[in-house]
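Notes to accompany the following structure.
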Amino acid sequence: MTDHLIDLLRRFNVEADRFVEVFARAHGLHRTDMNAIAHIWRAAQEQQPLTPGELARRLSLSPAATTALVVRLEQNGHLERRPDPNDRRRTQLDIQPKARELAAAFFVPLGVHMREAFSHFSAAELETAAAVVEKALHATAKAADEAHTVTSEGAALRP
């Protein structure tokens, strides 16, 4: 059953990637733009604004690629750079209304479909599913961090 669950999560990931790609293309954005907006939006919801460096880490981008991304999103009215009120040497990324609208257009329809799919399960079943997905999320993040460490050290990834 574990292998079946891993396969289902892989397939879910592929479909989620396809959804992001289709949505991003329809709005004239790069896939990385959508991922950046999602990270900045979530950070704003949690009242923990991201710095460009933190965004680079979350997206596994170089400083130069992150600068290009931030400039592109800023020029398109999706974000604004502001000085950190606690440390004026640092910059925080502030999501703008245009990006909030885009995020809502992205997440609301997906949420409707997800809620419909989940409506067939009890609260206890959903709690178990949430625990499984949370563990899968942490495992995937750990694998990504390990892969980043290995590739940044110049070694090849091994299966």
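Starting from 1 in every chain, residues are counted up; chains themselves are A, B, ... following the order of the structure tokens, and ligands are numbered from 1 as listed.
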
- [ ] Compile the contact shell of segment 14-24 of chain A as a PyMOL selection string: residues with an atom at most 10 Å away, counting only C-alpha atoms, same-chain residues fewer than 4 positions apart removed.
- [x] chain A and resi 8-10+28-35+102+105-106+110

Keeping C-alpha atoms for every residue in the selection just given, could you write it to a file as a tab-separated table (two decimals), in the first residue's frame?
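Below you can see again_12.tsv, which holds the result:
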```tsv
chain	number	residue	atom	x	y	z
A	8	LEU	CA	-0.61	8.37	-6.25
A	9	LEU	CA	1.28	11.31	-4.72
A	10	ARG	CA	3.64	11.36	-7.72
A	28	GLY	CA	1.20	35.33	-19.44
A	29	LEU	CA	3.37	34.22	-16.55
A	30	HIS	CA	6.21	31.81	-16.08
A	31	ARG	CA	5.68	28.79	-13.87
A	32	THR	CA	8.28	30.19	-11.46
A	33	ASP	CA	6.28	33.44	-11.31
A	34	MET	CA	3.24	31.50	-10.09
A	35	ASN	CA	5.30	29.61	-7.53
A	102	LEU	CA	-4.46	36.23	-9.47
A	105	ALA	CA	-8.43	33.13	-9.38
A	106	PHE	CA	-5.93	30.27	-9.13
A	110	LEU	CA	-9.08	24.42	-7.29
```

Task: Å distance separating atom CA of Glu46 of chain A from atom CA of Phe121 of chain A, one decimal place - done: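 Between atom CA of Glu46 of chain A and atom CA of Phe121 of chain A the gap is 28.2 Å.
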
TODO: Tell me which protein, DNA and RNA residues are within 10 Å of Leu79 of chain A, counting only C-alpha atoms, leaving out same-chain ones fewer than 2 positions away, and put them as a list in words.
DONE: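 Listing them by chain and then by number gives Ile37, Ile40, Trp41, Val70, Val71, Arg72, Leu73, Glu74, Gln75, Asn76, Gly77, Arg81, Arg82, Gln92, Leu93, Asp94, Ile95, Gln96, Pro97, Lys98, Ala99 and Arg100 of chain A.
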
Export of the given selection (C-alpha atoms) as a PDB file, in the first residue's frame:
```pdb
ATOM      1  CA  ILE A  37       3.406  34.523  -6.015  1.00  0.00           C
ATOM      2  CA  ILE A  40       4.798  35.460  -1.177  1.00  0.00           C
ATOM      3  CA  TRP A  41       1.004  35.217  -0.768  1.00  0.00           C
ATOM      4  CA  VAL A  70      11.468  39.975  -8.507  1.00  0.00           C
ATOM      5  CA  VAL A  71      12.009  42.758 -11.070  1.00  0.00           C
ATOM      6  CA  ARG A  72       9.617  41.043 -13.518  1.00  0.00           C
ATOM      7  CA  LEU A  73       6.908  40.586 -10.869  1.00  0.00           C
ATOM      8  CA  GLU A  74       7.406  44.146  -9.623  1.00  0.00           C
ATOM      9  CA  GLN A  75       7.168  45.584 -13.157  1.00  0.00           C
ATOM     10  CA  ASN A  76       3.956  43.607 -13.724  1.00  0.00           C
ATOM     11  CA  GLY A  77       2.404  44.998 -10.529  1.00  0.00           C
ATOM     12  CA  ARG A  81       9.930  45.681  -2.500  1.00  0.00           C
ATOM     13  CA  ARG A  82       9.909  47.500   0.829  1.00  0.00           C
ATOM     14  CA  GLN A  92      10.793  42.475   2.129  1.00  0.00           C
ATOM     15  CA  LEU A  93       8.527  41.400  -0.703  1.00  0.00           C
ATOM     16  CA  ASP A  94       4.999  42.742  -0.397  1.00  0.00           C
ATOM     17  CA  ILE A  95       2.243  41.143  -2.469  1.00  0.00           C
ATOM     18  CA  GLN A  96       0.085  43.612  -4.383  1.00  0.00           C
ATOM     19  CA  PRO A  97      -3.678  43.500  -5.098  1.00  0.00           C
ATOM     20  CA  LYS A  98      -3.076  42.302  -8.676  1.00  0.00           C
ATOM     21  CA  ALA A  99      -1.240  39.221  -7.366  1.00  0.00           C
ATOM     22  CA  ARG A 100      -3.868  38.631  -4.671  1.00  0.00           C
TER      23      ARG A 100
END
```

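With atom CA of Asp87 of chain A on one side and atom CA of Ala144 of chain A on the other, the separation reads 29.9 Å.
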
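Distances here use only C-alpha atoms; by that measure, the residue among A:Asp145, A:Asn86, A:Thr91, A:His78 closest to Gly53 of chain A is A:Thr91.
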
TODO: List every residue of chain A that DSSP, applied to the backbone of this structure, assigns to strand (DSSP E), and report them as a ChimeraX atom specification.
DONE: /A:79-84,87-95

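Using only C-alpha atoms, the smallest distance between any of A:Leu69, A:Ala26, A:Ala139, A:Ala131 and Ala56 of chain A comes from A:Leu69.
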
Task: Straight-line distance linking atom CA of Gln47 of chain A with atom CA of Ala104 of chain A, stated in Å to one decimal - done: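 Computing it gives 17.8 Å between the two atoms.
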
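Among the candidates A:Leu5, A:Thr149, A:Arg88, A:Pro52, the residue lying nearest to Ala68 of chain A is A:Pro52 (atoms considered: only C-alpha atoms).
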
Open item on the list: If DSSP is run on the backbone, what residues of segment 9-126 of chain A are helix (DSSP H, G or I)? A reply as number ranges by chain would be ideal.
Closed with: A: 9-26, 31-45, 52-59, 63-75, 97-118, 123-126
